[in-house]
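The structure under discussion appears below in the form of structure tokens.
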Amino acid sequence: MPLQRIVKPKNQRVKRALERREPKAIENARQCLCIRGNKTSEVITDLLKDLHSLKKPNSMLLSRRHEFRPFEDVSKIETLCRKYDSSLCAFISHSKKRPHNLVMMRMYNHEVLDMFELAITNVQTVKSLKAVQSMSGAKPCLVFSGVQFEEQSDYQRLKSLLIDFFHNERPAKVRLNGIEHVINFTISGGVVFMRTFRIQMKKSGTNVPRIELAEMGPHMDFSLRRTRLASHELLKKASRQPKVIKPKKVKNVDVNALGTMTGRIHMQKQDLEKLQLRKTKALKRRAPKDEDSSPAKKTRSA
């Protein structure tokens, strides 16, 4: 691996740009670089533009075509991702052997971590559906259906890649009106069906609105062609979190699955005889009355 030279900033603008690229405890939103190959079809080109619009503003679409072959030599793609500070990449191509080809990859330290080559079929673009689109930069709701996403290792990595690809900045709170669209991934027979819907909130007569889904696009079906996955040790290193952002363990305090905080308090045994009570007349102790010592009442003579 060649050593990277140390770049010294020449002015304040370059210094700020280098500071933005430095490692951070809390990462910025993942940038995606969309690249077109030397030969592409109209279907796969429109699909790339739709994926670029879904990822906005954290996406960049290069207008120039590049003759890359990612599974043979990925160094040129890594150079472009380093240049534009992108940790995600989508590359499209089209040939007789591999028609409508989409390669999705993610980076770690400006090197390819995982790479999937997908065979795209049954594409319905936004242009063909003519539906109302969501706002740019809206955070989608991702839904994964299928046992293979949990059991098979290739589809587990694919699920993780799709989450990183469509995931934007993590919000502190979730607002109901802020969720505008949902992306559903369903797997059956080795084919993954991707469907995108717009969430419409209708009146229901109660405080909770009635939810309806309308087709928004893009829709596509895809299957795996080739994969290049990172080793378990490298994936563990890339997924490691710094100690700064890890929550500190508080003694005798637990949080359940619903987010309720419970605590345990250790107290010594109390002596109830010495317990200070509120001084009221009802709680005062009165001395017992002695009938013999009390003076006799005088009777009036007639």
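Ligands are numbered from 1 in the order shown, residues from 1 within each chain, and chains are lettered A, B, ... in the order they appear in the structure tokens.
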
Which polymer residues have any atom within 7 Å of an atom of A:Val126, counting only C-alpha atoms, with same-chain residues fewer than 4 positions away left out, as a list in words? Asp50, Lys130, Ala131, Met216, Gly217 and Pro218 of chain A

Restricted to N, CA, C and O atoms, what would the selected residues look like written as a tab-separated table (two decimals), in the first residue's frame?
```
chain	number	residue	atom	x	y	z
A	50	ASP	N	-32.65	8.62	-10.65
A	50	ASP	CA	-33.64	8.54	-9.58
A	50	ASP	C	-32.99	8.24	-8.24
A	50	ASP	O	-33.38	8.80	-7.20
A	130	LYS	N	-44.99	9.20	-13.11
A	130	LYS	CA	-45.59	10.54	-13.08
A	130	LYS	C	-46.30	10.80	-11.75
A	130	LYS	O	-47.46	11.21	-11.71
A	131	ALA	N	-45.61	10.50	-10.67
A	131	ALA	CA	-46.19	10.66	-9.34
A	131	ALA	C	-45.57	11.85	-8.64
A	131	ALA	O	-44.52	12.36	-9.04
A	216	MET	N	-44.51	6.08	-5.80
A	216	MET	CA	-43.69	7.26	-6.05
A	216	MET	C	-42.55	6.94	-7.00
A	216	MET	O	-42.21	7.74	-7.88
A	217	GLY	N	-41.95	5.77	-6.86
A	217	GLY	CA	-40.82	5.39	-7.69
A	217	GLY	C	-39.50	5.87	-7.10
A	217	GLY	O	-39.47	6.76	-6.24
A	218	PRO	N	-38.41	5.25	-7.48
A	218	PRO	CA	-38.31	4.21	-8.51
A	218	PRO	C	-38.62	2.82	-7.98
A	218	PRO	O	-38.42	2.55	-6.80
```

Backbone DSSP call of strand (DSSP E) for stretch 192-268 of chain A, listed as an NGL selection string: :A and (192-202 or 210-215 or 219-228 or 253-255 or 261-263)

Please measure the separation of atom CA of A:Ser41 and atom CA of A:Arg65, giving the value in Å to one decimal. 12.7 Å

How close does stretch 119-202 of chain A get to stretch 80-90 of chain A? List, as JSON lines, each residue of stretch 119-202 of chain A within 10 Å, its nearest atom pair and the distance in Å to one decimal, counting only C-alpha atoms.
```
{"residue": "A:Leu161", "atom": "CA", "partner": "A:Leu88", "partner_atom": "CA", "distance": 9.1}
{"residue": "A:Asp164", "atom": "CA", "partner": "A:Leu88", "partner_atom": "CA", "distance": 8.2}
{"residue": "A:Phe165", "atom": "CA", "partner": "A:Leu88", "partner_atom": "CA", "distance": 6.8}
```

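From atom CA of A:Gly137 back to atom CA of A:Ser53, the distance works out to 8.8 Å.
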
Just the helix (DSSP H, G or I) stuff from stretch 80-267 of chain A, please, per backbone DSSP, written as a VMD selection string. chain A and resid 80 to 83 126 to 129 148 to 151 153 to 166 176 to 178 232 to 238

Restrict the selected residues to N, CA, C and O atoms and save them as a short mmCIF file (atom, residue, chain, number, x, y, z; two decimals), in the first residue's frame.
```
data_model
loop_
_atom_site.label_atom_id
_atom_site.label_comp_id
_atom_site.auth_asym_id
_atom_site.auth_seq_id
_atom_site.Cartn_x
_atom_site.Cartn_y
_atom_site.Cartn_z
N LEU A 80 -11.34 8.63 -7.21
CA LEU A 80 -12.43 9.59 -7.34
C LEU A 80 -13.17 9.78 -6.02
O LEU A 80 -13.54 10.91 -5.67
N CYS A 81 -13.38 8.70 -5.30
CA CYS A 81 -14.08 8.82 -4.01
C CYS A 81 -13.23 9.60 -3.00
O CYS A 81 -13.77 10.35 -2.18
N ARG A 82 -11.93 9.44 -3.07
CA ARG A 82 -11.06 10.22 -2.19
C ARG A 82 -11.07 11.69 -2.58
O ARG A 82 -11.03 12.59 -1.73
N LYS A 83 -11.15 11.96 -3.88
CA LYS A 83 -11.15 13.33 -4.37
C LYS A 83 -12.40 14.07 -3.94
O LYS A 83 -12.34 15.24 -3.51
N VAL A 126 -39.24 7.25 -12.07
CA VAL A 126 -40.12 8.33 -11.63
C VAL A 126 -40.81 8.98 -12.83
O VAL A 126 -41.98 9.37 -12.77
N LYS A 127 -40.09 9.06 -13.94
CA LYS A 127 -40.65 9.67 -15.13
C LYS A 127 -41.83 8.87 -15.67
O LYS A 127 -42.83 9.43 -16.12
N SER A 128 -41.75 7.54 -15.61
CA SER A 128 -42.84 6.70 -16.13
C SER A 128 -44.05 6.68 -15.21
O SER A 128 -45.18 6.59 -15.67
N LEU A 129 -43.83 6.77 -13.91
CA LEU A 129 -44.96 6.74 -12.97
C LEU A 129 -45.69 8.08 -12.89
O LEU A 129 -46.89 8.11 -12.62
N GLN A 148 -34.10 -14.39 4.30
CA GLN A 148 -32.72 -14.41 3.81
C GLN A 148 -31.92 -13.19 4.26
O GLN A 148 -30.70 -13.25 4.33
N PHE A 149 -32.61 -12.07 4.54
CA PHE A 149 -31.90 -10.90 5.05
C PHE A 149 -31.31 -11.15 6.43
O PHE A 149 -30.43 -10.40 6.87
N GLU A 150 -31.80 -12.15 7.15
CA GLU A 150 -31.33 -12.43 8.50
C GLU A 150 -30.47 -13.68 8.58
O GLU A 150 -29.68 -13.82 9.52
N GLU A 151 -30.58 -14.58 7.62
CA GLU A 151 -29.90 -15.88 7.72
C GLU A 151 -28.67 -15.98 6.83
O GLU A 151 -27.64 -16.49 7.26
N SER A 153 -25.35 -14.76 4.78
CA SER A 153 -24.35 -13.73 5.03
C SER A 153 -24.29 -12.68 3.91
O SER A 153 -24.12 -11.49 4.18
N ASP A 154 -24.45 -13.11 2.64
CA ASP A 154 -24.40 -12.14 1.54
C ASP A 154 -25.53 -11.14 1.62
O ASP A 154 -25.33 -9.93 1.43
N TYR A 155 -26.72 -11.62 1.94
CA TYR A 155 -27.87 -10.72 2.02
C TYR A 155 -27.86 -9.91 3.31
O TYR A 155 -28.45 -8.82 3.36
N GLN A 156 -27.19 -10.39 4.33
CA GLN A 156 -27.01 -9.57 5.53
C GLN A 156 -26.12 -8.37 5.23
O GLN A 156 -26.43 -7.24 5.64
N ARG A 157 -25.04 -8.59 4.48
CA ARG A 157 -24.18 -7.48 4.08
C ARG A 157 -24.89 -6.55 3.11
O ARG A 157 -24.71 -5.33 3.15
N LEU A 158 -25.72 -7.12 2.21
CA LEU A 158 -26.48 -6.28 1.27
C LEU A 158 -27.46 -5.40 2.02
O LEU A 158 -27.63 -4.21 1.68
N LYS A 159 -28.10 -5.93 3.03
CA LYS A 159 -29.03 -5.14 3.84
C LYS A 159 -28.27 -4.00 4.54
O LYS A 159 -28.75 -2.85 4.57
N SER A 160 -27.10 -4.30 5.09
CA SER A 160 -26.30 -3.26 5.75
C SER A 160 -25.88 -2.19 4.76
O SER A 160 -25.88 -0.99 5.09
N LEU A 161 -25.53 -2.59 3.52
CA LEU A 161 -25.13 -1.62 2.50
C LEU A 161 -26.30 -0.73 2.10
O LEU A 161 -26.15 0.49 1.93
N LEU A 162 -27.49 -1.31 1.95
CA LEU A 162 -28.66 -0.53 1.57
C LEU A 162 -29.04 0.47 2.66
O LEU A 162 -29.48 1.58 2.37
N ILE A 163 -28.88 0.07 3.91
CA ILE A 163 -29.16 0.99 5.02
C ILE A 163 -28.19 2.16 4.99
O ILE A 163 -28.57 3.32 5.16
N ASP A 164 -26.90 1.88 4.76
CA ASP A 164 -25.91 2.95 4.67
C ASP A 164 -26.17 3.85 3.46
O ASP A 164 -25.92 5.06 3.51
N PHE A 165 -26.66 3.25 2.36
CA PHE A 165 -26.85 4.02 1.14
C PHE A 165 -28.01 5.01 1.26
O PHE A 165 -27.88 6.17 0.86
N PHE A 166 -29.13 4.58 1.81
CA PHE A 166 -30.31 5.44 1.88
C PHE A 166 -30.44 6.15 3.21
O PHE A 166 -31.37 6.93 3.40
N LEU A 176 -43.81 12.90 13.13
CA LEU A 176 -44.69 12.08 12.30
C LEU A 176 -44.84 12.66 10.90
O LEU A 176 -44.80 11.93 9.90
N ASN A 177 -44.97 13.98 10.80
CA ASN A 177 -45.14 14.60 9.48
C ASN A 177 -43.84 14.63 8.68
O ASN A 177 -43.86 14.89 7.48
N GLY A 178 -42.70 14.37 9.35
CA GLY A 178 -41.42 14.40 8.65
C GLY A 178 -41.13 13.15 7.84
O GLY A 178 -40.26 13.16 6.98
N HIS A 232 -14.02 -10.55 8.09
CA HIS A 232 -14.73 -10.29 9.35
C HIS A 232 -13.91 -9.33 10.23
O HIS A 232 -14.49 -8.47 10.90
N GLU A 233 -12.58 -9.45 10.23
CA GLU A 233 -11.74 -8.58 11.05
C GLU A 233 -11.80 -7.14 10.55
O GLU A 233 -11.87 -6.20 11.34
N LEU A 234 -11.76 -6.96 9.21
CA LEU A 234 -11.82 -5.60 8.66
C LEU A 234 -13.19 -4.97 8.90
O LEU A 234 -13.28 -3.77 9.20
N LEU A 235 -14.26 -5.76 8.77
CA LEU A 235 -15.60 -5.22 9.04
C LEU A 235 -15.76 -4.84 10.50
O LEU A 235 -16.39 -3.82 10.82
N LYS A 236 -15.18 -5.63 11.39
CA LYS A 236 -15.24 -5.30 12.82
C LYS A 236 -14.47 -4.02 13.12
O LYS A 236 -14.90 -3.19 13.93
N LYS A 237 -13.34 -3.84 12.44
CA LYS A 237 -12.55 -2.62 12.63
C LYS A 237 -13.29 -1.40 12.09
O LYS A 237 -13.25 -0.32 12.69
N ALA A 238 -13.98 -1.56 10.94
CA ALA A 238 -14.71 -0.43 10.35
C ALA A 238 -15.95 -0.08 11.16
O ALA A 238 -16.40 1.08 11.14
#
```

Using only C-alpha atoms, which of A:Pro140, A:Pro242, A:Pro70, A:Pro23 sits nearest A:Met105? A:Pro70

Can you work out which one of A:Gln241, A:Ser93, A:Asn207, A:Asn122 has the shortest atom-to-atom distance to A:Cys34, counting only C-alpha atoms? A:Ser93

What does the distance between atom CA of A:Phe222 and atom CA of A:Asn109 come to in Å, to one decimal place? 28.5 Å

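In this comparison, which uses only C-alpha atoms, the residue of A:Glu169, A:Glu215, A:Asp221, A:Asp46 approaching A:Met194 most closely is A:Asp221.
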
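Between A:Ile183 and the candidates A:Leu272, A:Ile199, A:Leu18, A:Ala230, the tightest atom-to-atom separation, counting only C-alpha atoms, involves A:Ile199.
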